[in-house]
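Coordinates from query03.cif are shown below (mmCIF, C-alpha atoms).
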data_upload
loop_
_atom_site.group_PDB
_atom_site.id
_atom_site.type_symbol
_atom_site.label_atom_id
_atom_site.label_comp_id
_atom_site.auth_asym_id
_atom_site.auth_seq_id
_atom_site.Cartn_x
_atom_site.Cartn_y
_atom_site.Cartn_z
ATOM 1 C CA MET Y 30 108.627 54.643 -126.698
ATOM 2 C CA LEU Y 31 108.726 58.428 -127.019
ATOM 3 C CA GLN Y 32 106.153 61.122 -126.497
ATOM 4 C CA TYR Y 33 105.984 64.891 -126.743
ATOM 5 C CA THR Y 34 105.487 66.972 -123.594
ATOM 6 C CA HIS Y 35 104.077 70.478 -124.104
ATOM 7 C CA ILE Y 36 106.054 73.248 -122.428
ATOM 8 C CA ILE Y 37 104.928 76.867 -122.189
ATOM 9 C CA GLY Y 38 107.671 79.250 -123.337
ATOM 10 C CA CYS Y 39 108.390 82.735 -122.002
ATOM 11 C CA ASN Y 40 106.513 84.284 -124.932
ATOM 12 C CA GLY Y 41 103.353 82.281 -124.206
ATOM 13 C CA GLN Y 42 103.822 79.930 -127.148
ATOM 14 C CA TYR Y 43 104.007 76.165 -127.002
ATOM 15 C CA ALA Y 44 107.191 74.224 -127.448
ATOM 16 C CA LYS Y 45 107.596 70.475 -127.647
ATOM 17 C CA ARG Y 46 110.083 68.479 -125.642
ATOM 18 C CA ARG Y 47 110.676 64.854 -126.520
ATOM 19 C CA THR Y 48 110.830 62.733 -123.405
ATOM 20 C CA SER Y 49 111.022 59.032 -122.776
ATOM 21 C CA MET Y 50 108.085 57.214 -121.221
ATOM 22 C CA LYS Y 51 110.511 55.676 -118.745
ATOM 23 C CA ASN Y 52 111.217 59.147 -117.282
ATOM 24 C CA ILE Y 53 107.571 59.924 -116.513
ATOM 25 C CA GLU Y 54 105.914 58.673 -113.350
ATOM 26 C CA VAL Y 55 102.528 59.411 -111.864
ATOM 27 C CA LEU Y 56 102.828 61.113 -108.451
ATOM 28 C CA ASN Y 57 100.397 59.331 -106.150
ATOM 29 C CA ALA Y 58 99.981 61.967 -103.473
ATOM 30 C CA ASP Y 59 97.230 64.339 -102.425
ATOM 31 C CA LEU Y 60 98.705 67.828 -102.905
ATOM 32 C CA THR Y 61 95.381 69.650 -102.638
ATOM 33 C CA PRO Y 62 95.933 70.873 -99.025
ATOM 34 C CA PHE Y 63 99.140 72.624 -100.098
ATOM 35 C CA TYR Y 64 97.454 74.869 -102.656
ATOM 36 C CA PRO Y 65 94.669 77.478 -102.526
ATOM 37 C CA GLU Y 66 91.076 76.327 -102.763
ATOM 38 C CA TYR Y 67 90.529 78.239 -106.018
ATOM 39 C CA LEU Y 68 93.329 76.226 -107.694
ATOM 40 C CA ARG Y 69 92.227 72.778 -108.873
ATOM 41 C CA ILE Y 70 95.018 70.234 -109.379
ATOM 42 C CA ASP Y 71 94.245 68.230 -112.532
ATOM 43 C CA GLY Y 72 97.480 66.278 -112.980
ATOM 44 C CA GLN Y 73 100.725 65.531 -111.174
ATOM 45 C CA HIS Y 74 103.700 63.674 -112.616
ATOM 46 C CA ILE Y 75 107.424 63.270 -112.033
ATOM 47 C CA VAL Y 76 109.255 64.114 -115.275
ATOM 48 C CA ASP Y 77 113.036 63.676 -115.383
ATOM 49 C CA GLY Y 78 113.253 63.961 -111.608
ATOM 50 C CA LYS Y 79 111.081 67.095 -111.448
ATOM 51 C CA ILE Y 80 107.488 67.374 -110.291
ATOM 52 C CA GLU Y 81 105.184 68.719 -112.999
ATOM 53 C CA LEU Y 82 101.681 69.833 -111.982
ATOM 54 C CA THR Y 83 98.783 71.040 -114.098
ATOM 55 C CA ALA Y 84 96.131 73.187 -112.462
ATOM 56 C CA LYS Y 85 93.018 75.154 -113.349
ATOM 57 C CA SER Y 86 91.961 78.466 -111.823
ATOM 58 C CA MET Y 87 88.443 78.346 -110.354
ATOM 59 C CA THR Y 88 88.113 82.066 -109.637
ATOM 60 C CA HIS Y 89 84.970 83.992 -110.567
ATOM 61 C CA GLN Y 90 86.308 87.536 -110.310
ATOM 62 C CA SER Y 91 89.539 89.488 -110.212
ATOM 63 C CA VAL Y 92 90.677 93.023 -109.442
ATOM 64 C CA CYS Y 93 91.900 95.310 -112.210
ATOM 65 C CA PRO Y 94 95.514 96.340 -111.568
ATOM 66 C CA ALA Y 95 94.921 99.792 -113.070
ATOM 67 C CA CYS Y 96 91.754 101.032 -111.352
ATOM 68 C CA GLY Y 97 91.335 98.460 -108.559
ATOM 69 C CA LYS Y 98 87.720 97.646 -109.422
ATOM 70 C CA PRO Y 99 86.597 93.966 -109.203
ATOM 71 C CA SER Y 100 85.438 92.388 -112.415
ATOM 72 C CA GLN Y 101 83.495 89.196 -113.161
ATOM 73 C CA GLY Y 102 83.487 89.312 -116.955
ATOM 74 C CA TYR Y 103 85.528 86.484 -118.444
ATOM 75 C CA HIS Y 104 87.509 87.366 -121.562
ATOM 76 C CA SER Y 105 89.568 84.244 -122.272
ATOM 77 C CA THR Y 106 91.936 81.755 -120.703
ATOM 78 C CA TYR Y 107 95.699 81.481 -120.964
ATOM 79 C CA ARG Y 108 98.414 79.255 -119.588
ATOM 80 C CA ARG Y 109 101.290 80.316 -117.417
ATOM 81 C CA ARG Y 110 104.112 78.297 -115.938
ATOM 82 C CA VAL Y 111 105.379 79.095 -112.438
ATOM 83 C CA GLU Y 112 107.833 77.484 -110.066
ATOM 84 C CA ASP Y 113 106.746 76.601 -106.532
ATOM 85 C CA LEU Y 114 108.395 75.454 -103.317
ATOM 86 C CA PRO Y 115 110.365 72.199 -103.743
ATOM 87 C CA LEU Y 116 108.826 68.940 -102.613
ATOM 88 C CA LEU Y 117 111.062 66.181 -101.210
ATOM 89 C CA GLY Y 118 114.081 67.966 -102.680
ATOM 90 C CA LYS Y 119 112.552 67.993 -106.171
ATOM 91 C CA ASN Y 120 111.876 71.032 -108.285
ATOM 92 C CA VAL Y 121 108.134 71.791 -108.612
ATOM 93 C CA ARG Y 122 106.657 73.525 -111.634
ATOM 94 C CA ILE Y 123 102.977 74.247 -112.172
ATOM 95 C CA THR Y 124 101.251 74.883 -115.497
ATOM 96 C CA VAL Y 125 98.182 76.935 -114.573
ATOM 97 C CA THR Y 126 95.227 77.624 -116.830
ATOM 98 C CA ALA Y 127 94.154 81.100 -115.678
ATOM 99 C CA TYR Y 128 91.601 83.672 -116.818
ATOM 100 C CA ARG Y 129 91.709 87.055 -118.466
ATOM 101 C CA TYR Y 130 88.959 89.471 -117.468
ATOM 102 C CA TYR Y 131 87.274 92.508 -118.959
ATOM 103 C CA CYS Y 132 87.586 95.650 -116.875
ATOM 104 C CA GLU Y 133 84.033 96.761 -116.088
ATOM 105 C CA ASN Y 134 85.113 100.336 -115.395
ATOM 106 C CA ALA Y 135 84.320 102.337 -118.521
ATOM 107 C CA ASP Y 136 86.758 105.098 -117.538
ATOM 108 C CA CYS Y 137 89.699 102.717 -117.111
ATOM 109 C CA ASP Y 138 92.314 102.487 -119.855
ATOM 110 C CA GLN Y 139 92.969 98.828 -119.006
ATOM 111 C CA LYS Y 140 90.303 97.043 -121.045
ATOM 112 C CA VAL Y 141 91.538 93.457 -120.498
ATOM 113 C CA PHE Y 142 93.765 92.163 -117.721
ATOM 114 C CA ALA Y 143 95.023 88.814 -116.442
ATOM 115 C CA GLU Y 144 94.323 87.578 -112.936
ATOM 116 C CA ASP Y 145 97.140 87.355 -110.398
ATOM 117 C CA LEU Y 146 95.745 84.199 -108.747
ATOM 118 C CA GLU Y 147 94.984 86.222 -105.606
ATOM 119 C CA GLY Y 148 98.623 86.697 -104.682
ATOM 120 C CA PHE Y 149 99.684 83.082 -105.228
ATOM 121 C CA ALA Y 150 101.672 84.125 -108.294
ATOM 122 C CA GLY Y 151 101.742 87.848 -109.017
ATOM 123 C CA TRP Y 152 101.654 89.495 -112.405
ATOM 124 C CA PHE Y 153 104.694 88.760 -114.600
ATOM 125 C CA ARG Y 154 106.107 86.431 -111.948
ATOM 126 C CA ARG Y 155 107.843 83.158 -112.787
ATOM 127 C CA LYS Y 156 107.832 82.006 -109.166
ATOM 128 C CA THR Y 157 105.099 81.835 -106.566
ATOM 129 C CA GLY Y 158 104.956 84.389 -103.797
ATOM 130 C CA ARG Y 159 105.859 81.870 -101.088
ATOM 131 C CA LEU Y 160 108.907 80.713 -103.042
ATOM 132 C CA GLU Y 161 110.076 84.314 -103.379
ATOM 133 C CA ASP Y 162 109.551 84.739 -99.623
ATOM 134 C CA LEU Y 163 111.834 81.751 -98.965
ATOM 135 C CA ILE Y 164 114.555 83.035 -101.306
ATOM 136 C CA THR Y 165 114.379 86.502 -99.763
ATOM 137 C CA SER Y 166 114.636 85.126 -96.228
ATOM 138 C CA ILE Y 167 117.712 83.045 -97.078
ATOM 139 C CA ALA Y 168 119.369 85.949 -98.906
ATOM 140 C CA LEU Y 169 118.857 88.392 -96.031
ATOM 141 C CA ASN Y 170 120.460 85.939 -93.584
ATOM 142 C CA THR Y 171 123.371 84.956 -95.836
ATOM 143 C CA ASN Y 172 124.306 86.622 -99.123
ATOM 144 C CA CYS Y 173 123.172 86.425 -102.733
ATOM 145 C CA GLU Y 174 125.698 83.858 -103.950
ATOM 146 C CA GLY Y 175 125.321 81.777 -100.792
ATOM 147 C CA CYS Y 176 121.539 81.898 -101.185
ATOM 148 C CA ALA Y 177 121.830 80.608 -104.757
ATOM 149 C CA ARG Y 178 123.984 77.668 -103.628
ATOM 150 C CA ILE Y 179 121.630 76.766 -100.777
ATOM 151 C CA CYS Y 180 118.606 76.931 -103.082
ATOM 152 C CA GLU Y 181 120.316 74.690 -105.616
ATOM 153 C CA GLU Y 182 120.733 72.022 -102.940
ATOM 154 C CA MET Y 183 117.010 72.331 -102.213
ATOM 155 C CA GLY Y 184 116.032 71.881 -105.854
ATOM 156 C CA ILE Y 185 115.631 75.586 -106.747
ATOM 157 C CA ARG Y 186 117.909 76.642 -109.583
ATOM 158 C CA ILE Y 187 118.612 80.360 -109.410
ATOM 159 C CA SER Y 188 121.630 82.618 -109.769
ATOM 160 C CA GLY Y 189 123.085 85.290 -107.541
ATOM 161 C CA ASP Y 190 121.982 87.944 -110.046
ATOM 162 C CA TYR Y 191 118.387 86.740 -109.785
ATOM 163 C CA VAL Y 192 118.540 87.107 -105.995
ATOM 164 C CA ILE Y 193 119.870 90.657 -106.330
ATOM 165 C CA ASN Y 194 117.089 91.620 -108.749
ATOM 166 C CA LEU Y 195 114.475 90.047 -106.476
ATOM 167 C CA LEU Y 196 115.725 92.038 -103.478
ATOM 168 C CA LYS Y 197 115.712 95.238 -105.531
ATOM 169 C CA LYS Y 198 112.084 94.673 -106.549
ATOM 170 C CA ARG Y 199 110.995 93.952 -102.997
ATOM 171 C CA PHE Y 200 112.889 96.765 -101.288
ATOM 172 C CA SER Y 201 112.873 99.457 -103.971
ATOM 173 C CA GLY Y 202 110.385 101.640 -102.098
ATOM 174 C CA GLY Y 203 111.118 104.963 -100.484
ATOM 175 C CA ALA Y 204 113.726 105.341 -97.797
ATOM 176 C CA PRO Y 205 112.470 104.378 -94.324
ATOM 177 C CA GLU Y 206 111.829 107.197 -91.905
ATOM 178 C CA CYS Y 207 113.996 107.638 -88.843
ATOM 179 C CA GLY Y 208 113.378 109.209 -85.457
ATOM 180 C CA GLY Y 209 115.335 111.771 -83.495
ATOM 181 C CA ILE Y 210 118.221 109.428 -82.608
ATOM 182 C CA ILE Y 211 120.573 107.990 -85.220
ATOM 183 C CA GLY Y 212 123.915 106.232 -85.298
ATOM 184 C CA ILE Y 213 126.475 106.624 -88.081
ATOM 185 C CA ASP Y 214 129.607 104.726 -88.985
ATOM 186 C CA ASP Y 215 131.776 104.025 -91.990
ATOM 187 C CA PHE Y 216 132.272 100.692 -93.749
ATOM 188 C CA ALA Y 217 134.520 99.405 -96.505
ATOM 189 C CA CYS Y 218 133.147 98.060 -99.794
ATOM 190 C CA LYS Y 219 136.764 97.290 -100.704
ATOM 191 C CA LYS Y 220 139.264 97.842 -97.933
ATOM 192 C CA GLY Y 221 141.600 100.680 -98.701
ATOM 193 C CA HIS Y 222 139.757 101.720 -101.867
ATOM 194 C CA THR Y 223 135.996 102.292 -101.526
ATOM 195 C CA TYR Y 224 134.182 103.393 -98.376
ATOM 196 C CA GLY Y 225 130.644 104.338 -97.472
ATOM 197 C CA THR Y 226 128.575 105.602 -94.566
ATOM 198 C CA VAL Y 227 125.677 103.729 -92.987
ATOM 199 C CA ILE Y 228 122.991 105.452 -90.894
ATOM 200 C CA CYS Y 229 120.874 103.429 -88.443
ATOM 201 C CA ASP Y 230 117.785 104.433 -86.506
ATOM 202 C CA GLY Y 231 118.416 104.575 -82.764
ATOM 203 C CA ASP Y 232 115.021 103.125 -81.817
ATOM 204 C CA THR Y 233 114.627 100.280 -84.313
ATOM 205 C CA HIS Y 234 118.383 99.640 -84.845
ATOM 206 C CA ARG Y 235 117.673 99.209 -88.558
ATOM 207 C CA PRO Y 236 119.575 100.894 -91.422
ATOM 208 C CA VAL Y 237 117.759 103.884 -92.883
ATOM 209 C CA ALA Y 238 120.355 105.132 -95.388
ATOM 210 C CA VAL Y 239 123.613 104.115 -97.055
ATOM 211 C CA LEU Y 240 125.723 107.005 -98.357
ATOM 212 C CA ASP Y 241 128.741 107.167 -100.638
ATOM 213 C CA GLY Y 242 132.094 108.084 -99.133
ATOM 214 C CA ARG Y 243 133.094 108.871 -95.572
ATOM 215 C CA ASP Y 244 134.346 112.436 -95.941
ATOM 216 C CA GLY Y 245 131.168 113.891 -94.444
ATOM 217 C CA GLY Y 246 129.859 115.612 -97.575
ATOM 218 C CA SER Y 247 127.034 113.156 -98.280
ATOM 219 C CA LEU Y 248 126.276 112.961 -94.536
ATOM 220 C CA LYS Y 249 125.869 116.719 -94.301
ATOM 221 C CA GLU Y 250 123.444 116.731 -97.237
ATOM 222 C CA TRP Y 251 121.418 113.918 -95.669
ATOM 223 C CA LEU Y 252 121.236 115.672 -92.292
ATOM 224 C CA LEU Y 253 120.000 118.894 -93.925
ATOM 225 C CA ASN Y 254 117.010 116.885 -95.212
ATOM 226 C CA ASN Y 255 116.365 115.280 -91.813
ATOM 227 C CA LYS Y 256 116.057 118.142 -89.356
ATOM 228 C CA GLN Y 257 114.210 115.934 -86.847
ATOM 229 C CA VAL Y 258 117.502 114.355 -85.717
ATOM 230 C CA LYS Y 259 118.422 115.511 -82.196
ATOM 231 C CA ILE Y 260 121.044 112.997 -81.055
ATOM 232 C CA VAL Y 261 123.804 111.479 -83.217
ATOM 233 C CA THR Y 262 125.966 108.571 -82.102
ATOM 234 C CA ARG Y 263 129.261 108.473 -84.003
ATOM 235 C CA ASP Y 264 132.873 107.386 -83.874
ATOM 236 C CA ARG Y 265 135.825 109.726 -83.409
ATOM 237 C CA ALA Y 266 136.097 110.699 -87.085
ATOM 238 C CA GLY Y 267 136.626 114.439 -87.455
ATOM 239 C CA ALA Y 268 134.808 114.558 -90.800
ATOM 240 C CA TYR Y 269 131.590 113.282 -89.228
ATOM 241 C CA ALA Y 270 131.865 115.700 -86.301
ATOM 242 C CA LYS Y 271 132.328 118.639 -88.673
ATOM 243 C CA ALA Y 272 129.406 117.609 -90.887
ATOM 244 C CA ILE Y 273 127.068 117.265 -87.900
ATOM 245 C CA SER Y 274 128.129 120.613 -86.426
ATOM 246 C CA GLU Y 275 127.531 122.420 -89.713
ATOM 247 C CA ALA Y 276 124.226 120.746 -90.612
ATOM 248 C CA LEU Y 277 122.686 120.404 -87.123
ATOM 249 C CA PRO Y 278 124.563 122.665 -84.700
ATOM 250 C CA GLU Y 279 122.046 122.006 -81.898
ATOM 251 C CA ALA Y 280 122.241 118.216 -82.182
ATOM 252 C CA ILE Y 281 123.958 116.316 -79.368
ATOM 253 C CA GLN Y 282 126.926 114.236 -80.492
ATOM 254 C CA VAL Y 283 127.566 111.070 -78.485
ATOM 255 C CA ALA Y 284 130.514 108.696 -78.752
ATOM 256 C CA ASP Y 285 129.420 105.152 -79.493
ATOM 257 C CA ARG Y 286 129.888 102.302 -77.014
ATOM 258 C CA PHE Y 287 132.882 100.777 -78.783
ATOM 259 C CA HIS Y 288 134.873 103.996 -78.714
ATOM 260 C CA LEU Y 289 133.865 104.706 -75.113
ATOM 261 C CA PHE Y 290 135.398 101.384 -74.070
ATOM 262 C CA GLN Y 291 138.399 102.079 -76.261
ATOM 263 C CA ASN Y 292 138.915 105.472 -74.616
ATOM 264 C CA MET Y 293 138.621 103.890 -71.165
ATOM 265 C CA MET Y 294 141.183 101.184 -71.967
ATOM 266 C CA ASP Y 295 143.584 103.798 -73.336
ATOM 267 C CA ALA Y 296 143.237 105.778 -70.096
ATOM 268 C CA VAL Y 297 143.842 102.642 -67.997
ATOM 269 C CA LYS Y 298 146.957 101.797 -70.000
ATOM 270 C CA GLU Y 299 148.339 105.330 -69.583
ATOM 271 C CA THR Y 300 147.713 105.193 -65.820
ATOM 272 C CA LEU Y 301 149.451 101.840 -65.450
ATOM 273 C CA ARG Y 302 152.339 102.992 -67.596
ATOM 274 C CA ALA Y 303 152.827 106.028 -65.352
ATOM 275 C CA GLN Y 304 152.734 104.019 -62.098
ATOM 276 C CA ILE Y 305 154.665 100.907 -63.107
ATOM 277 C CA PRO Y 306 158.246 101.240 -64.430
ATOM 278 C CA GLY Y 307 158.670 100.248 -68.000
ATOM 279 C CA LYS Y 308 161.693 98.103 -67.091
ATOM 280 C CA ILE Y 309 162.091 95.975 -63.937
ATOM 281 C CA GLU Y 310 165.582 94.663 -63.168
ATOM 282 C CA ILE Y 311 165.977 91.255 -61.505
ATOM 283 C CA SER Y 312 169.323 90.664 -59.745
ATOM 284 C CA ARG Y 313 171.220 87.554 -60.712
ATOM 285 C CA VAL Y 314 172.707 85.279 -57.978
ATOM 286 C CA ASP Y 315 176.106 83.743 -58.590
ATOM 287 C CA PRO Y 316 175.756 79.912 -58.382
ATOM 288 C CA LYS Y 317 179.238 79.710 -56.748
ATOM 289 C CA GLU Y 318 177.995 81.600 -53.724
ATOM 290 C CA VAL Y 319 174.877 79.484 -53.289
ATOM 291 C CA GLY Y 320 174.937 75.678 -53.085
ATOM 292 C CA VAL Y 321 172.352 73.951 -55.185
ATOM 293 C CA LYS Y 322 170.863 70.618 -54.222
ATOM 294 C CA ARG Y 323 169.864 67.983 -56.754
ATOM 295 C CA ASP Y 324 166.182 68.811 -56.392
ATOM 296 C CA GLY Y 325 166.932 72.359 -57.516
ATOM 297 C CA ASN Y 326 166.402 74.096 -54.108
ATOM 298 C CA ALA Y 327 169.037 76.563 -53.055
ATOM 299 C CA GLU Y 328 170.976 75.822 -49.858
ATOM 300 C CA PRO Y 329 172.044 78.708 -47.570
ATOM 301 C CA PRO Y 330 175.862 79.221 -47.437
ATOM 302 C CA SER Y 331 175.923 78.959 -43.574
ATOM 303 C CA LYS Y 332 174.611 75.356 -43.599
ATOM 304 C CA LYS Y 333 177.114 74.439 -46.273
ATOM 305 C CA ASN Y 334 180.025 75.821 -44.225
ATOM 306 C CA ASN Y 335 178.853 74.046 -41.041
ATOM 307 C CA ARG Y 336 178.733 70.727 -42.863
ATOM 308 C CA ALA Y 337 182.256 71.279 -44.136
ATOM 309 C CA LYS Y 338 183.595 71.994 -40.624
ATOM 310 C CA ALA Y 339 181.873 68.910 -39.177
ATOM 311 C CA GLY Y 340 183.542 66.717 -41.795
ATOM 312 C CA ASN Y 341 186.966 68.011 -40.834
#
What do you get writing this file as structure tokens?
Amino acid sequence: MLQYTHIIGCNGQYAKRRTSMKNIEVLNADLTPFYPEYLRIDGQHIVDGKIELTAKSMTHQSVCPACGKPSQGYHSTYRRRVEDLPLLGKNVRITVTAYRYYCENADCDQKVFAEDLEGFAGWFRRKTGRLEDLITSIALNTNCEGCARICEEMGIRISGDYVINLLKKRFSGGAPECGGIIGIDDFACKKGHTYGTVICDGDTHRPVAVLDGRDGGSLKEWLLNNKQVKIVTRDRAGAYAKAISEALPEAIQVADRFHLFQNMMDAVKETLRAQIPGKIEISRVDPKEVGVKRDGNAEPPSKKNNRAKAGN
């Protein structure tokens, strides 16, 4: 026996998917504690190995995204489909019946707006906020492609490109401010071909800027816009030293810990090389002059001669 399951498309229109009754099971579990109080769960089924939920928004007001004024005037309802955190390794999708509201501010250009479910699923979002938090956390501790593979094992089907776009949306704000102490170093995007410069705050130890190249030109421009820097920790690159001296001549330049240890080890090696000869000669003993016992211990020639005389 076949039936049609309604699916909400990306353009808000309905589409029909023909599914078998054998692939639909009722999920007998109380999922209410896992969702906000203003979201009423009306149905929960397992369809083709995925958990499908239907919910209804019970909100009575929402905030206009344009002017920020709360509104209680209902305009209409609409359906949106969002993906939530996986449950028991199964993908979870929720079809939510939400409200559109009139903006009660007469001076606002936004006459009608849709609710954002109080942060549960933001405007124009296909995934809930807590699912995006999970993806972001995994990506920041691994990488985008690795995050996509881990999520796929958990029942979340995403691509590495989606992770990149999500990180760009979340961290596309202005550059973080830094204090008076910074550390700079170069890194390779592709070893031997493309290099860049990373700048970290000395107090928080977090990156504050990533610059193109390592010739010092971009670093000098950045320092001219950050006159509050007083101490710069760097490696032994001459380009960095020149850029710092030209942009901030009064700033103190400090060698980083790695290069301090490297300088110390070089000095120790030079000292040992000067005190210890480079070549040590070891004299070789002729086995004919020294008798050798079976156990490998050398026997003094005098004892050997005395034994020979006693035998005669």
Per-residue nearest contacts of stretch 128-244 of chain Y to stretch 281-285 of chain Y (10 Å; only C-alpha atoms) as a tab-separated table:
residue	atom	partner	partner_atom	distance
Y:Ile210	CA	Y:Ile281	CA	9.5
Y:Gly212	CA	Y:Asp285	CA	8.1
Y:Ile213	CA	Y:Asp285	CA	9.2
Y:Asp214	CA	Y:Asp285	CA	9.5
- Can you work out the spacing between atom CA of Y:Ile164 and atom CA of Y:Gly118 in Å, to one decimal?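 Spanning atom CA of Y:Ile164 to atom CA of Y:Gly118 is a straight-line distance of 15.1 Å.
Atom CA of Y:Ala272 is positioned 14.9 Å from atom CA of Y:Gly225.
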- Message: To test your reading of the syntax: which residues would the PyMOL selection byres ((chain Y and resi 57) around 10) return for the file shown? Reply as a VMD selection string.
- Response: chain Y and resid 54 to 56 58 to 60 73 to 75
- Message: Taking all atoms listed in the file into account, name the residue in Y:Gln257, Y:Ser247, Y:Ser188, Y:Asn170 that is nearest to Y:Cys207.
- Response: Y:Gln257
- Message: For stretch 217-219 of chain Y, find every residue with an atom within 12 Å (counting all atoms listed in the file), except residues of its own chain fewer than 6 positions away, and show them as a count of residues only.
- Response: 8
- Looking at Y:Lys249, Y:Leu116, Y:Tyr103, Y:Arg286, which one is nearest to Y:Met183, with distances taken over all atoms listed in the file?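 That would be Y:Leu116, the residue with the smallest distance to Y:Met183.
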- Message: Could you tell me how far atom CA of Y:Val92 sits from atom CA of Y:Thr61, in Å to one decimal place?
- Response: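 Separating atom CA of Y:Thr61 from atom CA of Y:Val92 is a distance of 24.8 Å.
Residue nearest Y:Gly184, chosen from Y:Gly78, Y:Gly208, Y:Pro65, Y:Gly102 and counting all atoms listed in the file: Y:Gly78.
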- Query: For this file, the PyMOL selection byres ((chain Y and resi 166) around 12) selects which residues, as JSON, numbers by chain?
  - Reply: {"Y": [159, 160, 161, 162, 163, 164, 165, 167, 168, 169, 170, 171, 172, 173, 176, 179, 180, 192, 195, 196, 199]}
- From the set Y:Cys96, Y:Ala276, Y:Val111, Y:Ile185, which residue has the shortest atom-to-atom contact distance to Y:Ala150, counting all atoms listed in the file?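 Checking each of Y:Cys96, Y:Ala276, Y:Val111, Y:Ile185 against Y:Ala150, counting all atoms listed in the file, the winner is Y:Val111.
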First collect every listed atom of stretch 154-159 of chain Y; then fit an axis-aligned box around them, widen it by 4 Å on each side, and give centre and edge lengths in Å to one decimal, as lines of an AutoDock Vina configuration file.
center_x = 106.4
center_y = 84.1
center_z = -106.9
size_x = 10.9
size_y = 12.6
size_z = 19.7
- Item | Selection: 7 Å around Y:His104, all atoms listed in the file, excl. self and same-chain fewer than 5 positions, as JSON, numbers by chain | {"Y": [129, 130, 131]}
- Using only C-alpha atoms, find the one residue out of Y:Ile123, Y:Leu68, Y:Leu252, Y:Ala84 that sits nearest to Y:Glu147.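 Going through Y:Ile123, Y:Leu68, Y:Leu252, Y:Ala84 one by one, the smallest distance to Y:Glu147 is for Y:Leu68.
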- Query: Using the chain letters and numbers from the file, which residues does the PyMOL selection byres ((chain Y and resi 259) around 6) grab, as a ChimeraX atom specification?
  - Reply: /Y:209,258,260,280
